[in-house]
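Next comes data-v1.cif, with mmCIF, C-alpha atoms.
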data_upload
loop_
_atom_site.label_atom_id
_atom_site.label_comp_id
_atom_site.auth_asym_id
_atom_site.auth_seq_id
_atom_site.Cartn_x
_atom_site.Cartn_y
_atom_site.Cartn_z
CA MET A 1 20.07 32.76 16.57
CA HIS A 2 23.28 30.96 15.66
CA ILE A 3 23.50 28.83 12.50
CA ALA A 4 26.55 26.59 12.75
CA PRO A 5 28.99 26.32 9.82
CA HIS A 6 27.74 23.80 7.25
CA ASP A 7 27.70 23.06 3.53
CA ASN A 8 24.53 24.81 2.37
CA GLN A 9 24.94 23.36 -1.16
CA ASN A 10 24.18 26.75 -2.72
CA ARG A 11 20.78 26.91 -1.03
CA PRO A 12 19.80 30.00 1.00
CA ILE A 13 21.00 30.00 4.58
CA VAL A 14 18.40 32.67 5.35
CA ASP A 15 15.56 32.30 2.87
CA ARG A 16 12.82 34.74 1.94
CA ASP A 17 10.26 35.35 4.70
CA HIS A 18 12.43 33.80 7.39
CA PRO A 19 10.32 33.54 10.59
CA LEU A 20 12.92 35.29 12.75
CA VAL A 21 14.38 37.90 10.35
CA PRO A 22 11.93 38.29 7.44
CA LEU A 23 13.53 41.54 6.28
CA VAL A 24 16.82 39.92 5.18
CA TYR A 25 18.03 37.15 2.84
CA PHE A 26 21.40 35.39 2.68
CA ASN A 27 22.99 32.75 0.50
CA ILE A 28 26.54 31.49 -0.02
CA VAL A 29 27.26 30.08 -3.48
CA ARG A 30 30.41 28.11 -4.31
CA LEU A 31 31.36 27.61 -7.96
CA GLN A 32 34.24 26.23 -9.97
CA ALA A 33 35.60 28.21 -12.92
CA GLY A 34 33.08 28.15 -15.77
CA GLN A 35 30.10 27.14 -13.63
CA HIS A 36 27.09 29.40 -13.25
CA PHE A 37 24.30 29.93 -10.74
CA ASP A 38 20.87 31.35 -11.60
CA TYR A 39 18.56 32.93 -9.04
CA ARG A 40 15.59 35.24 -8.62
CA THR A 41 14.26 36.64 -5.32
CA PRO A 42 10.68 37.95 -5.54
CA GLY A 43 10.12 40.64 -2.94
CA TYR A 44 13.84 41.08 -2.18
CA GLU A 45 16.56 43.27 -3.67
CA THR A 46 20.01 41.66 -3.47
CA CYS A 47 23.73 42.33 -3.74
CA VAL A 48 26.26 39.85 -5.15
CA VAL A 49 29.63 40.06 -3.37
CA PRO A 50 32.44 37.56 -4.07
CA ALA A 51 34.12 36.55 -0.82
CA THR A 52 36.92 35.13 -2.98
CA GLY A 53 37.39 34.73 -6.71
CA THR A 54 36.04 36.58 -9.73
CA VAL A 55 32.58 36.43 -11.31
CA THR A 56 30.48 37.95 -14.07
CA VAL A 57 26.93 38.99 -13.15
CA GLU A 58 24.15 39.29 -15.75
CA THR A 59 20.82 40.88 -14.87
CA MET A 60 18.20 43.08 -16.57
CA GLY A 61 20.06 42.84 -19.88
CA GLN A 62 23.30 44.19 -18.40
CA THR A 63 26.60 42.37 -17.92
CA PHE A 64 28.97 43.26 -15.10
CA ALA A 65 32.27 41.52 -15.81
CA ASP A 66 35.23 40.71 -13.56
CA ILE A 67 33.62 41.41 -10.21
CA GLY A 68 35.89 40.54 -7.28
CA HIS A 69 39.64 39.98 -7.21
CA ARG A 70 40.34 38.44 -3.82
CA GLY A 71 42.42 35.31 -3.56
CA VAL A 72 42.79 33.09 -0.54
CA ASP A 73 40.38 34.83 1.85
CA VAL A 74 38.43 38.03 2.63
CA TRP A 75 41.59 39.77 3.87
CA ASP A 76 43.21 39.35 0.45
CA GLY A 77 42.09 42.56 -1.28
CA GLU A 78 39.09 44.86 -1.49
CA PRO A 79 35.43 43.81 -1.90
CA GLU A 80 33.33 44.46 -4.99
CA GLY A 81 29.65 43.86 -5.65
CA VAL A 82 26.67 44.13 -7.97
CA TYR A 83 23.30 45.48 -6.88
CA VAL A 84 20.47 43.32 -8.25
CA PRO A 85 16.95 44.78 -8.25
CA THR A 86 13.94 43.05 -6.74
CA ASP A 87 12.45 40.05 -8.56
CA THR A 88 15.05 40.10 -11.33
CA ALA A 89 16.45 37.00 -13.05
CA THR A 90 20.20 36.90 -12.45
CA ARG A 91 23.08 34.68 -13.56
CA ILE A 92 26.42 34.50 -11.74
CA THR A 93 29.21 32.94 -13.81
CA ALA A 94 32.50 32.03 -12.13
CA ARG A 95 35.63 33.23 -13.92
CA THR A 96 37.74 31.47 -11.28
CA GLU A 97 36.96 29.18 -8.38
CA THR A 98 34.80 31.39 -6.21
CA GLU A 99 32.71 31.75 -3.10
CA VAL A 100 29.95 34.35 -3.42
CA PHE A 101 27.80 36.06 -0.82
CA ILE A 102 24.26 37.01 -1.89
CA ALA A 103 22.79 39.57 0.52
CA GLY A 104 19.17 40.64 0.35
CA ALA A 105 16.54 42.88 1.92
CA GLN A 106 12.79 42.90 1.57
CA TYR A 107 11.71 45.56 -0.92
CA THR A 108 8.83 45.71 -3.39
CA GLU A 109 10.02 48.20 -6.02
CA THR A 110 12.31 47.23 -8.90
CA LEU A 111 15.17 49.70 -9.39
CA ARG A 112 18.21 49.54 -11.70
CA PRO A 113 21.32 47.35 -11.32
CA PHE A 114 24.84 48.74 -10.89
CA ALA A 115 28.32 47.59 -9.95
CA VAL A 116 30.37 48.74 -6.96
CA ARG A 117 34.08 48.57 -7.72
CA ALA A 118 36.94 48.47 -5.21
CA ALA A 119 37.75 52.16 -5.70
CA GLU A 120 34.16 53.05 -4.79
CA ILE A 121 34.04 51.25 -1.44
CA ASP A 122 33.22 53.62 1.44
CA ARG A 123 35.67 53.01 4.29
CA VAL A 124 35.62 54.06 7.93
CA GLN A 125 37.92 53.11 10.78
CA TYR A 126 37.26 53.86 14.42
CA GLY A 127 38.02 52.79 17.97
CA SER A 128 41.44 52.23 19.46
CA ASP A 129 43.74 49.53 20.72
CA ASP A 130 43.50 51.03 24.21
CA THR A 131 39.71 50.61 24.33
CA LYS A 132 39.87 47.16 22.67
CA THR A 133 37.38 48.44 20.06
CA HIS A 134 39.60 49.05 17.03
CA ARG A 135 37.80 48.06 13.82
CA LYS A 136 37.53 48.86 10.12
CA ILE A 137 34.33 48.92 8.05
CA LYS A 138 34.08 48.66 4.28
CA HIS A 139 30.64 49.72 3.09
CA ILE A 140 29.66 48.08 -0.18
CA LEU A 141 26.12 49.44 -0.20
CA GLY A 142 26.47 52.34 2.22
CA ALA A 143 25.53 55.99 2.35
CA ALA A 144 26.93 56.67 -1.12
CA TYR A 145 24.09 54.66 -2.72
CA HIS A 146 21.23 55.96 -0.60
CA ASP A 147 19.23 57.10 -3.61
CA ARG A 148 19.83 53.94 -5.71
CA VAL A 149 18.88 51.19 -3.25
CA GLY A 150 15.64 50.44 -1.43
CA ARG A 151 16.20 48.99 2.07
CA LEU A 152 19.48 47.06 1.80
CA LEU A 153 22.73 47.89 3.61
CA VAL A 154 25.77 45.66 2.99
CA SER A 155 29.15 46.01 4.70
CA GLU A 156 32.28 44.12 5.70
CA LEU A 157 33.61 44.62 9.24
CA PHE A 158 37.12 43.77 10.42
CA THR A 159 38.68 43.80 13.85
CA VAL A 160 41.99 45.67 13.70
CA GLY A 161 44.84 43.90 15.46
CA ALA A 162 44.45 40.61 17.28
CA GLY A 163 41.51 40.25 19.63
CA GLY A 164 39.00 42.83 20.82
CA TRP A 165 35.36 43.87 20.70
CA SER A 166 33.05 44.97 17.90
CA GLY A 167 29.61 46.53 18.07
CA PHE A 168 30.37 48.29 21.34
CA PRO A 169 28.93 50.33 22.99
CA SER A 170 26.09 47.86 22.66
CA HIS A 171 23.18 48.98 20.51
CA LYS A 172 19.92 47.67 19.12
CA HIS A 173 17.66 48.44 16.15
CA ASP A 174 14.50 46.36 16.60
CA THR A 175 11.72 48.95 16.89
CA ASP A 176 10.49 51.62 14.50
CA ARG A 177 10.20 54.70 16.72
CA LEU A 178 11.72 57.57 14.82
CA PRO A 179 13.68 59.70 15.38
CA ASP A 180 15.26 57.50 18.08
CA GLU A 181 15.41 54.04 16.49
CA THR A 182 14.54 52.01 13.38
CA ARG A 183 13.78 48.34 12.94
CA HIS A 184 16.48 46.64 10.89
CA ASP A 185 16.82 42.85 10.81
CA GLU A 186 20.47 41.82 10.61
CA CYS A 187 22.54 38.85 9.46
CA TYR A 188 26.26 38.20 9.99
CA ASN A 189 28.61 35.64 8.48
CA PHE A 190 31.91 35.36 10.36
CA ARG A 191 35.44 34.52 9.26
CA PHE A 192 38.58 34.26 11.40
CA ARG A 193 42.29 34.50 10.65
CA PRO A 194 43.77 31.97 11.24
CA ASP A 195 40.57 30.11 10.41
CA TYR A 196 40.64 28.03 13.60
CA GLY A 197 40.03 31.19 15.63
CA SER A 198 36.69 31.86 17.25
CA GLY A 199 34.73 34.41 19.22
CA LEU A 200 31.56 35.26 21.06
CA GLN A 201 28.30 36.86 19.95
CA MET A 202 26.26 38.35 22.78
CA LEU A 203 22.56 39.10 22.56
CA GLN A 204 21.01 40.96 25.49
CA ARG A 205 17.28 41.41 25.02
CA VAL A 206 16.74 43.81 27.95
CA ASP A 207 19.18 46.28 29.47
CA ASN A 208 20.72 44.95 32.69
CA GLU A 209 19.13 41.52 32.43
CA PRO A 210 20.94 38.29 31.49
CA GLY A 211 20.98 37.52 27.79
CA GLU A 212 22.29 34.87 25.42
CA ALA A 213 25.76 34.13 24.07
CA TYR A 214 26.84 32.09 21.04
CA HIS A 215 30.24 30.56 20.40
CA ILE A 216 30.97 31.67 16.84
CA MET A 217 33.47 29.92 14.58
CA ASN A 218 34.75 30.33 11.04
CA ARG A 219 31.68 30.50 8.73
CA SER A 220 29.16 30.86 11.57
CA THR A 221 26.01 32.79 10.66
CA VAL A 222 24.18 34.85 13.29
CA LEU A 223 20.70 36.34 12.96
CA ILE A 224 19.80 39.43 14.98
CA ASP A 225 16.09 40.08 15.37
CA LYS A 226 16.14 42.17 18.55
CA GLY A 227 18.33 43.16 21.46
CA TYR A 228 21.80 44.58 22.10
CA HIS A 229 24.43 42.57 20.24
CA PRO A 230 28.18 43.18 20.70
CA CYS A 231 30.67 40.50 19.66
CA CYS A 232 34.34 39.75 20.31
CA VAL A 233 37.23 37.66 19.04
CA LEU A 234 39.78 35.69 21.04
CA PRO A 235 43.17 37.31 21.66
CA GLY A 236 45.66 36.47 18.93
CA TYR A 237 43.07 36.23 16.12
CA GLU A 238 41.48 38.57 13.59
CA MET A 239 37.74 38.57 12.94
CA TYR A 240 35.69 39.55 9.89
CA TYR A 241 31.96 39.56 9.42
CA PHE A 242 29.84 40.12 6.36
CA THR A 243 26.90 42.26 7.44
CA ILE A 244 23.40 42.48 5.95
CA LEU A 245 20.82 44.97 7.21
CA GLY A 246 17.24 45.23 5.96
CA GLY A 247 15.02 48.08 7.14
CA GLN A 248 11.31 47.80 7.79
CA SER A 249 10.29 51.34 6.84
CA GLN A 250 13.46 53.09 5.66
CA ARG A 251 17.00 52.35 4.58
CA SER A 252 18.89 54.60 7.01
CA LEU A 253 19.79 52.81 10.23
CA LYS A 254 19.07 54.59 13.51
CA GLN A 255 20.74 52.73 16.35
CA HIS A 256 19.67 52.94 19.99
CA PHE A 257 22.69 52.61 22.27
CA GLN A 258 22.29 50.61 25.46
CA PRO A 259 21.66 53.08 28.31
CA THR A 260 23.96 51.28 30.73
CA HIS A 261 26.95 51.65 28.41
CA ALA A 262 26.03 54.75 26.40
CA ALA A 263 28.50 56.95 28.27
CA GLN A 264 31.34 54.96 26.69
CA MET A 265 30.42 56.53 23.34
CA HIS A 266 32.68 59.39 24.46
CA THR A 267 35.68 57.10 25.06
CA ILE A 268 35.85 55.51 21.60
CA PRO A 269 37.53 57.64 18.89
CA GLY A 270 35.61 58.12 15.65
CA ILE A 271 32.45 56.28 16.65
CA MET A 272 30.11 59.00 15.39
CA ASP A 273 31.67 58.70 11.93
CA MET A 274 30.71 55.03 12.03
CA VAL A 275 27.12 55.86 13.00
CA ALA A 276 26.82 58.40 10.18
CA LYS A 277 27.81 55.87 7.47
CA PHE A 278 24.86 53.50 8.03
CA LYS A 279 22.45 55.41 5.79
#
Now that the file is in, can you turn its structure into structure tokens?
Amino acid sequence: MHIAPHDNQNRPIVDRDHPLVPLVYFNIVRLQAGQHFDYRTPGYETCVVPATGTVTVETMGQTFADIGHRGVDVWDGEPEGVYVPTDTATRITARTETEVFIAGAQYTETLRPFAVRAAEIDRVQYGSDDTKTHRKIKHILGAAYHDRVGRLLVSELFTVGAGGWSGFPSHKHDTDRLPDETRHDECYNFRFRPDYGSGLQMLQRVDNEPGEAYHIMNRSTVLIDKGYHPCCVLPGYEMYYFTILGGQSQRSLKQHFQPTHAAQMHTIPGIMDMVAKFK
């Protein structure tokens, strides 16, 4: 499902118990310096990540100050975030003009909050220019926090260079059938540089049968409930997408690679390092 760019007026783009992707939650909040935003998400743990600007996050009696230091866009520095436990009253206060992502996953237990600073981001880069698959991933809530988070995985993905594919070889994660696959609902929010760039999100429900394709633009949101889902960006442009994964029965993601293209796993440098980080 493609949700076209729009002014959501600080209301969830993907609310709790969404009919297509009930395991994830997503909001974009825009604030001027000095403004604040209060929220609480019963049944969902969340992570506050400034796309740009700097915020202070207060939750469970703790204050996490000066989160985020990016300027003009998501390419301008490293991400930071705050993990917010399930059903916890939270206040975000803008220190500067800011745009904030709130990522969530369905989870019933209430854990403890913590901050993820730029130096603690888990990075992986894989692919190559030759295979048109060169990309960089910055895990905000990745494998390093496996024992401190319930079901939520939060990452930022960048194409490296201008143009190319991401999420290839095609994979899916829509069925709990361990040890081969897990069900994880997924949500993307895309950005392009320059911002008038665009790309394509494919969604193939069944191997070797025609699927769907969405024309994605700056600030497009895509929901992935099932199927194989590679995406690409036009030549001459860079692509970023904020990624939210929520697991049905476990946090670790087990991807099932599309049989038709699985052999290309061996042609893409570093891809197994990428797979290992989604835990």
(request) Just give me the gap between atom CA of A:Val74 and atom CA of A:Tyr240 in Å, one decimal is fine. (result) 7.9 Å
Enumerate, as a PDB file with C-alpha atoms, in the frame of the given file, the residues matched when the PyMOL selection byres ((chain A and resi 7) around 10) is run on the file above.
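The resulting file, expr-v1.pdb, is shown below:
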ATOM      1  CA  ALA A   4      26.550  26.590  12.750  1.00  0.00           C
ATOM      2  CA  PRO A   5      28.990  26.320   9.820  1.00  0.00           C
ATOM      3  CA  HIS A   6      27.740  23.800   7.250  1.00  0.00           C
ATOM      4  CA  ASN A   8      24.530  24.810   2.370  1.00  0.00           C
ATOM      5  CA  GLN A   9      24.940  23.360  -1.160  1.00  0.00           C
ATOM      6  CA  ASN A  10      24.180  26.750  -2.720  1.00  0.00           C
ATOM      7  CA  ARG A  11      20.780  26.910  -1.030  1.00  0.00           C
ATOM      8  CA  ILE A  13      21.000  30.000   4.580  1.00  0.00           C
ATOM      9  CA  ILE A  28      26.540  31.490  -0.020  1.00  0.00           C
ATOM     10  CA  VAL A  29      27.260  30.080  -3.480  1.00  0.00           C
ATOM     11  CA  ARG A  30      30.410  28.110  -4.310  1.00  0.00           C
ATOM     12  CA  ARG A 219      31.680  30.500   8.730  1.00  0.00           C
TER      13      ARG A 219
END
(message) Around the point (33.3, 44.1, 10.6) (coordinates from the file), which residues reach within 8 Å if we count all atoms listed in the file? Answer as a PyMOL selection string.
(response) chain A and resi 135-138+155-159+166+239-243
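The space separating atom CA of A:Leu152 from atom CA of A:Asn189 comes to 16.1 Å.
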(request) Would you translate the PyMOL selection byres ((chain A and resi 176) around 12) into the concrete set of residues it matches in this file, as a PyMOL selection string? (result) chain A and resi 172-175+177-185+226+247-256
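Of the residues listed (A:Phe168, A:Tyr44, A:Phe190, A:Tyr145), A:Tyr44 shows the shortest atom-to-atom separation from A:Tyr107; distances use all atoms listed in the file.
The smallest atom-to-atom distance between A:Pro269 and any of A:Tyr237, A:Phe192, A:Tyr126, A:Tyr228, using only C-alpha atoms, is found for A:Tyr126.
Across the chains present, the PyMOL selection byres ((chain A and resi 207-212) around 9) applied to this file returns Gln201, Met202, Leu203, Gln204, Arg205, Val206, Ala213, Tyr214, Gly227, Tyr228, Gln258, Pro259 and Thr260 of chain A.
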